[in-house]
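This is run.txt. It holds compact mmCIF, C-alpha atoms.
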# COMPACT_ATOMS: atom_id res chain seq x y z
CA MET A 1 -25.39 -1.87 -35.86
CA SER A 2 -26.49 1.26 -37.70
CA SER A 3 -27.99 4.07 -35.65
CA PRO A 4 -31.79 4.59 -35.93
CA VAL A 5 -30.96 8.09 -37.15
CA TYR A 6 -28.90 6.93 -40.12
CA LYS A 7 -31.40 4.15 -40.86
CA PHE A 8 -34.15 6.75 -40.95
CA LEU A 9 -32.08 8.95 -43.25
CA GLU A 10 -31.62 6.03 -45.65
CA THR A 11 -35.26 4.90 -45.67
CA THR A 12 -37.49 7.97 -45.22
CA ALA A 13 -39.81 8.73 -48.11
CA ASP A 14 -39.78 12.45 -47.25
CA PRO A 15 -37.02 14.12 -49.31
CA GLN A 16 -37.45 17.48 -47.57
CA LEU A 17 -37.00 15.94 -44.13
CA ALA A 18 -34.08 13.85 -45.37
CA ALA A 19 -32.38 17.05 -46.55
CA SER A 20 -33.09 18.77 -43.22
CA LEU A 21 -31.71 15.80 -41.28
CA GLN A 22 -28.61 15.67 -43.44
CA ASN A 23 -28.03 19.37 -42.76
CA SER A 24 -28.55 18.83 -39.03
CA ILE A 25 -25.99 16.02 -39.05
CA LYS A 26 -23.53 18.33 -40.82
CA ILE A 27 -24.01 21.08 -38.20
CA VAL A 28 -23.59 18.58 -35.35
CA GLU A 29 -20.40 17.26 -36.96
CA GLN A 30 -19.06 20.80 -37.20
CA GLY A 31 -19.92 21.46 -33.56
CA LEU A 32 -18.33 18.25 -32.31
CA LYS A 33 -15.17 18.92 -34.30
CA ARG A 34 -14.92 22.58 -33.27
CA TYR A 35 -15.60 21.95 -29.57
CA SER A 36 -14.68 18.85 -27.61
CA GLY A 37 -14.71 17.25 -24.18
CA ASP A 38 -15.97 19.48 -21.38
CA SER A 39 -16.17 22.57 -23.62
CA LEU A 40 -19.49 21.47 -25.16
CA MET A 41 -22.89 20.61 -23.66
CA LEU A 42 -26.42 19.78 -24.78
CA SER A 43 -29.34 21.60 -23.17
CA PHE A 44 -31.73 18.73 -22.45
CA ASN A 45 -35.06 19.49 -20.77
CA GLY A 46 -37.00 16.45 -21.92
CA GLY A 47 -38.94 18.18 -24.69
CA LYS A 48 -39.54 16.71 -28.13
CA ASP A 49 -37.09 18.99 -29.95
CA CYS A 50 -34.11 18.40 -27.68
CA THR A 51 -34.98 14.68 -27.82
CA VAL A 52 -34.63 14.80 -31.61
CA LEU A 53 -31.32 16.63 -31.25
CA LEU A 54 -30.03 14.24 -28.59
CA HIS A 55 -30.39 11.29 -30.94
CA ILE A 56 -28.78 13.11 -33.85
CA ILE A 57 -25.82 14.04 -31.63
CA LEU A 58 -25.48 10.50 -30.27
CA ALA A 59 -25.53 9.09 -33.82
CA VAL A 60 -22.80 11.46 -35.00
CA TRP A 61 -20.88 10.95 -31.75
CA GLN A 62 -20.79 7.22 -32.43
CA GLN A 63 -20.02 7.71 -36.12
CA LEU A 64 -17.00 9.90 -35.27
CA GLY A 65 -15.83 7.47 -32.60
CA ILE A 66 -15.75 10.10 -29.86
CA PRO A 67 -14.90 8.60 -26.43
CA GLY A 68 -16.56 9.47 -23.15
CA SER A 69 -20.07 10.68 -22.29
CA LEU A 70 -22.07 13.54 -23.72
CA GLN A 71 -22.27 16.49 -21.31
CA THR A 72 -25.86 17.68 -20.79
CA VAL A 73 -27.51 20.38 -18.70
CA TYR A 74 -31.08 20.51 -17.44
CA PHE A 75 -32.35 23.98 -16.56
CA ARG A 76 -35.03 22.89 -14.12
CA PRO A 77 -38.14 25.12 -14.03
CA ALA A 78 -40.32 25.73 -11.00
CA ASN A 79 -43.00 23.07 -10.55
CA PRO A 80 -41.83 20.70 -13.30
CA PHE A 81 -43.94 17.83 -14.56
CA PRO A 82 -42.95 14.57 -12.83
CA GLU A 83 -43.28 12.83 -16.20
CA ILE A 84 -40.53 15.09 -17.59
CA GLU A 85 -38.31 14.48 -14.58
CA ARG A 86 -38.71 10.71 -14.98
CA PHE A 87 -38.04 10.88 -18.70
CA ILE A 88 -34.86 12.89 -18.18
CA ALA A 89 -33.63 10.45 -15.51
CA ASP A 90 -34.43 7.46 -17.73
CA THR A 91 -32.69 9.08 -20.70
CA VAL A 92 -29.57 9.88 -18.71
CA ASP A 93 -29.41 6.28 -17.55
CA ARG A 94 -30.22 4.77 -20.96
CA TYR A 95 -27.55 6.69 -22.87
CA LYS A 96 -25.02 7.12 -20.05
CA LEU A 97 -25.14 10.91 -20.21
CA HIS A 98 -23.37 13.23 -17.81
CA LEU A 99 -26.08 15.56 -16.46
CA THR A 100 -25.81 18.87 -14.63
CA THR A 101 -29.09 20.16 -13.15
CA LEU A 102 -29.55 23.86 -12.37
CA ALA A 103 -32.63 25.70 -11.15
CA GLY A 104 -33.99 28.47 -13.38
CA PRO A 105 -34.55 31.25 -14.35
CA ILE A 106 -32.32 30.59 -17.33
CA LYS A 107 -30.18 33.73 -17.34
CA PRO A 108 -28.76 33.42 -13.79
CA ALA A 109 -28.63 29.62 -14.13
CA LEU A 110 -26.44 30.03 -17.19
CA ALA A 111 -24.06 32.20 -15.16
CA VAL A 112 -23.89 29.49 -12.52
CA LEU A 113 -23.20 26.90 -15.22
CA ALA A 114 -20.26 28.93 -16.51
CA GLU A 115 -18.92 29.41 -12.98
CA GLN A 116 -19.15 25.70 -12.19
CA ASN A 117 -17.92 24.61 -15.62
CA PRO A 118 -15.41 27.28 -16.75
CA ASN A 119 -14.30 25.21 -19.74
CA VAL A 120 -17.75 25.26 -21.38
CA GLN A 121 -17.67 27.30 -24.58
CA ALA A 122 -20.70 26.08 -26.52
CA ILE A 123 -24.13 24.55 -26.03
CA PHE A 124 -26.33 22.52 -28.40
CA LEU A 125 -29.97 23.66 -28.46
CA GLY A 126 -33.12 22.14 -29.91
CA THR A 127 -34.42 25.56 -30.96
CA ARG A 128 -36.59 25.93 -34.08
CA ARG A 129 -37.42 29.14 -35.96
CA THR A 130 -41.07 28.94 -34.94
CA ASP A 131 -40.06 29.34 -31.28
CA PRO A 132 -40.50 32.82 -29.77
CA PHE A 133 -37.65 35.23 -30.64
CA SER A 134 -35.90 32.58 -32.76
CA SER A 135 -36.81 33.46 -36.35
CA ASN A 136 -33.48 35.19 -37.09
CA LEU A 137 -31.10 32.77 -35.39
CA SER A 138 -28.13 31.21 -37.18
CA ASP A 139 -26.75 27.69 -36.93
CA PHE A 140 -23.89 29.04 -34.80
CA GLN A 141 -24.63 32.19 -32.81
CA MET A 142 -23.29 33.68 -29.58
CA THR A 143 -25.66 34.49 -26.75
CA ASP A 144 -26.77 38.11 -26.69
CA PRO A 145 -24.96 40.94 -24.86
CA GLY A 146 -25.70 40.85 -21.14
CA TRP A 147 -25.86 37.05 -21.12
CA THR A 148 -23.08 34.63 -20.21
CA GLN A 149 -21.16 34.35 -23.46
CA LEU A 150 -21.50 30.92 -25.05
CA MET A 151 -21.79 29.75 -28.62
CA ARG A 152 -25.31 28.49 -29.31
CA ILE A 153 -25.39 25.64 -31.83
CA ASN A 154 -28.82 25.20 -33.40
CA PRO A 155 -28.89 22.13 -35.69
CA ILE A 156 -32.68 21.81 -36.15
CA LEU A 157 -33.65 25.46 -36.70
CA ASP A 158 -35.53 24.78 -39.93
CA TRP A 159 -37.43 21.69 -38.80
CA SER A 160 -41.21 21.90 -38.65
CA TYR A 161 -43.49 20.44 -36.00
CA ARG A 162 -44.44 17.74 -38.51
CA ASP A 163 -40.74 17.00 -39.16
CA VAL A 164 -40.14 16.46 -35.45
CA TRP A 165 -42.94 13.92 -35.11
CA THR A 166 -42.15 12.16 -38.38
CA PHE A 167 -38.60 11.67 -37.09
CA LEU A 168 -39.56 10.58 -33.56
CA ARG A 169 -42.15 8.10 -34.77
CA GLY A 170 -40.00 6.93 -37.68
CA THR A 171 -36.99 6.18 -35.50
CA ALA A 172 -39.14 4.81 -32.61
CA VAL A 173 -36.89 6.50 -30.04
CA PRO A 174 -38.37 7.12 -26.57
CA TYR A 175 -39.98 10.50 -25.86
CA CYS A 176 -41.81 12.03 -22.88
CA SER A 177 -45.15 10.34 -22.17
CA LEU A 178 -46.98 13.67 -21.86
CA TYR A 179 -47.02 13.96 -25.65
CA ASP A 180 -49.30 10.91 -25.78
CA GLN A 181 -51.72 12.75 -23.47
CA GLY A 182 -52.44 15.70 -25.75
CA TYR A 183 -49.59 18.01 -24.77
CA THR A 184 -47.86 19.53 -27.80
CA SER A 185 -45.52 22.03 -26.10
CA LEU A 186 -44.13 21.52 -22.60
CA GLY A 187 -43.32 24.16 -20.02
CA ASN A 188 -44.17 23.48 -16.38
CA GLN A 189 -47.33 22.48 -14.52
CA ASP A 190 -48.29 26.13 -13.97
CA ASN A 191 -48.27 27.23 -17.61
CA THR A 192 -48.98 24.11 -19.68
CA LYS A 193 -52.19 22.27 -20.51
CA PRO A 194 -53.11 19.67 -23.17
CA ASN A 195 -53.68 21.28 -26.54
CA PRO A 196 -57.40 22.11 -26.94
CA SER A 197 -57.16 21.31 -30.66
CA LEU A 198 -56.62 17.66 -29.71
CA ARG A 199 -59.60 17.42 -27.33
CA LEU A 200 -62.08 14.62 -27.94
CA THR A 201 -65.49 14.16 -26.34
CA GLU A 202 -66.28 10.51 -25.89
CA PRO A 203 -69.77 8.97 -25.61
CA GLY A 204 -71.14 9.97 -22.24
CA GLY A 205 -69.39 13.34 -22.31
CA LYS A 206 -65.98 12.26 -21.04
CA GLU A 207 -63.12 14.34 -22.44
CA ASN A 208 -59.90 12.83 -23.76
CA TYR A 209 -57.01 14.00 -25.92
CA GLN A 210 -55.33 12.69 -29.05
CA PRO A 211 -51.52 12.33 -29.01
CA ALA A 212 -49.33 15.27 -30.04
CA TRP A 213 -48.44 13.83 -33.42
CA MET A 214 -52.10 14.05 -34.46
CA LEU A 215 -51.98 17.87 -34.53
CA THR A 216 -52.41 18.88 -38.19
CA ASP A 217 -51.89 22.65 -37.89
CA ASP A 218 -48.27 23.43 -36.97
CA SER A 219 -49.23 26.98 -35.97
CA GLY A 220 -51.23 25.53 -33.07
CA GLU A 221 -48.22 23.86 -31.46
CA ARG A 222 -48.09 26.22 -28.45
CA HIS A 223 -51.85 26.57 -27.88
CA GLY A 224 -51.55 24.71 -24.59
CA ARG A 225 -49.00 27.21 -23.23
CA SER A 226 -50.08 30.25 -21.24
CA GLN A 227 -46.60 31.81 -21.02
CA GLN A 228 -42.97 31.04 -21.89
CA GLU A 229 -39.67 31.88 -20.27
CA VAL A 230 -37.82 33.03 -23.35
CA GLY A 231 -35.64 35.90 -24.50
CA GLY A 232 -33.13 37.07 -27.03
CA GLY A 233 -30.33 35.18 -25.33
CA GLN A 234 -32.38 32.07 -24.67
CA VAL A 235 -30.54 28.79 -24.31
CA SER A 236 -33.36 26.50 -23.30
CA THR A 237 -36.94 25.67 -24.09
CA SER A 238 -38.91 22.60 -23.06
CA LYS A 239 -41.15 21.76 -25.97

Go ahead and express the file in the form of structure tokens.
Amino acid sequence: MSSPVYKFLETTADPQLAASLQNSIKIVEQGLKRYSGDSLMLSFNGGKDCTVLLHIILAVWQQLGIPGSLQTVYFRPANPFPEIERFIADTVDRYKLHLTTLAGPIKPALAVLAEQNPNVQAIFLGTRRTDPFSSNLSDFQMTDPGWTQLMRINPILDWSYRDVWTFLRGTAVPYCSLYDQGYTSLGNQDNTKPNPSLRLTEPGGKENYQPAWMLTDDSGERHGRSQQEVGGGQVSTSK
């Protein structure tokens, strides 16, 4: 049976997104051919962007006939949302992923990852150019000086917020339930609220929120975030 990713590529009416997806598939293929086995991991924190990337990787993985399980790492923030934790656990079980969980902050956690997994050379990231400090990234780029040295592979750099939701809804793959509650960018419970642009006031004054995919202004994606743990060597964002 054809993967939902390749079915979407064949049927989408959005030529720009089809071109972006085709490019992402090409970058994933290059990464999987350049690095193999326990030398490559996916940073998976349950956010929408790494969920998109997970499904692209799994589709290419199957297409190439690669044996074994995809290696993933979850950099667990302080005070995480239970909905994210459940989604990650369900995803690991659904797709038979091999998951390593490490407590943040990211920089020392990455050093621990390298110590525990000395064969790891590269990490797939769901980073996009609109993320903080990410506008000048390349598809393949080493972490910055002072960070544990790993190759960052960024297959969806040029995707927009709209692209992400067109893909997720078009493929009907599972995503974290918080996005249906008005959250458009996910950090932890201390720094993340539903996006005020999606707030609705119902008859009687009760407030509710539209789902994330209803956001029409991409520049407002992070309006529910009060702060982010990011940096020039970043390897993880929950979004």

I need the residue nearest Val164 of chain A from this list: A:Arg76, A:Pro108, A:Thr127, A:Ala122. Use all atoms listed in the file for the distance.
A:Thr127

Find the residue from A:Thr12, A:Asn188, A:Thr91, A:Ser39 that sits nearest to Phe75 of chain A; use all atoms listed in the file when measuring.
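Between A:Thr12, A:Asn188, A:Thr91, A:Ser39, the residue approaching Phe75 of chain A most closely is A:Asn188.
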
Here is a test: counting only C-alpha atoms, which residue of A:Tyr209, A:Phe124, A:Tyr74, A:Tyr35 is nearest to Gly104 of chain A?
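Result for the nearest residue to Gly104 of chain A: A:Tyr74.
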
Tell me which of A:Thr171, A:Ser3, A:Ser226, A:Gln121 sits closest to Gly187 of chain A, counting all atoms listed in the file.
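That would be A:Ser226, the residue with the smallest distance to Gly187 of chain A.
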
Between A:Ser43, A:Ser135, A:Asn119, A:Gln149, smallest distance to His98 of chain A by only C-alpha atoms belongs to A:Ser43

In terms of only C-alpha atoms, the residue from A:Gly220, A:Pro4, A:Pro132, A:Gly126 at minimal distance from Ser197 of chain A is A:Gly220

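What separates atom CA of His223 of chain A from atom CA of Phe81 of chain A is a distance of 17.8 Å.
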
Considering all atoms listed in the file, return as an mmCIF file with C-alpha atoms, in the frame of the given file whatever protein or nucleic-acid residues lie within 8 Å of Leu17 of chain A, sequence-local ones (same chain, fewer than 3 positions apart) excluded.
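Saved the output as around30.cif:
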data_model
loop_
_atom_site.group_PDB
_atom_site.id
_atom_site.type_symbol
_atom_site.label_atom_id
_atom_site.label_comp_id
_atom_site.auth_asym_id
_atom_site.auth_seq_id
_atom_site.Cartn_x
_atom_site.Cartn_y
_atom_site.Cartn_z
ATOM 1 C CA ASP A 14 -39.780 12.450 -47.250
ATOM 2 C CA SER A 20 -33.090 18.770 -43.220
ATOM 3 C CA LEU A 21 -31.710 15.800 -41.280
ATOM 4 C CA TRP A 159 -37.430 21.690 -38.800
ATOM 5 C CA ASP A 163 -40.740 17.000 -39.160
#

In Å, rounded to a single decimal, give me how far atom CA of Tyr6 of chain A is from atom CA of His55 of chain A.
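Taking atom CA of His55 of chain A as the start and atom CA of Tyr6 of chain A as the end point, the length is 10.3 Å.
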
What does the structure give for the distance between atom CA of Tyr161 of chain A and atom CA of Thr11 of chain A, in Å to one decimal?
20.1 Å

Can you pull out every residue within 12 Å of Leu178 of chain A, counting all atoms listed in the file, but drop anything in the same chain fewer than 5 positions away, and send it as a list in words?
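In the requested form, the answer reads Gly46, Gly47, Lys48, Phe81, Pro82, Glu83, Ile84, Glu85, Arg86, Phe87, Tyr183, Thr184, Ser185, Leu186, Gly187, Asn188, Gln189, Thr192, Lys193, Pro194, Asn195, Tyr209, Gln210, Pro211, Ala212, Trp213 and Lys239 of chain A.
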
Save out the residues we just selected, C-alpha atoms, as a compact mmCIF listing (two decimals), in the coordinates of the input.
# COMPACT_ATOMS: atom_id res chain seq x y z
CA GLY A 46 -37.00 16.45 -21.92
CA GLY A 47 -38.94 18.18 -24.69
CA LYS A 48 -39.54 16.71 -28.13
CA PHE A 81 -43.94 17.83 -14.56
CA PRO A 82 -42.95 14.57 -12.83
CA GLU A 83 -43.28 12.83 -16.20
CA ILE A 84 -40.53 15.09 -17.59
CA GLU A 85 -38.31 14.48 -14.58
CA ARG A 86 -38.71 10.71 -14.98
CA PHE A 87 -38.04 10.88 -18.70
CA TYR A 183 -49.59 18.01 -24.77
CA THR A 184 -47.86 19.53 -27.80
CA SER A 185 -45.52 22.03 -26.10
CA LEU A 186 -44.13 21.52 -22.60
CA GLY A 187 -43.32 24.16 -20.02
CA ASN A 188 -44.17 23.48 -16.38
CA GLN A 189 -47.33 22.48 -14.52
CA THR A 192 -48.98 24.11 -19.68
CA LYS A 193 -52.19 22.27 -20.51
CA PRO A 194 -53.11 19.67 -23.17
CA ASN A 195 -53.68 21.28 -26.54
CA TYR A 209 -57.01 14.00 -25.92
CA GLN A 210 -55.33 12.69 -29.05
CA PRO A 211 -51.52 12.33 -29.01
CA ALA A 212 -49.33 15.27 -30.04
CA TRP A 213 -48.44 13.83 -33.42
CA LYS A 239 -41.15 21.76 -25.97

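Excluding Ser36 of chain A itself and any same-chain residue fewer than 2 positions from it, the protein and nucleic acid residues within 10 Å of it, counting all atoms listed in the file, are Gly31, Leu32, Lys33, Arg34, Asp38, Ser39, Leu40, Met41, Ile66, Leu70, Val120, Gln121 and Ala122 of chain A.
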
Pick out the residues sitting within 9 Å of Phe140 of chain A, and hand them over as a list in words; count all atoms listed in the file, and ignore anything fewer than 5 positions along from it in its own chain.
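Close residues of Phe140 of chain A: Ile27, Gly31, Met151, Arg152, Ile153, Asn154 and Pro155 of chain A.
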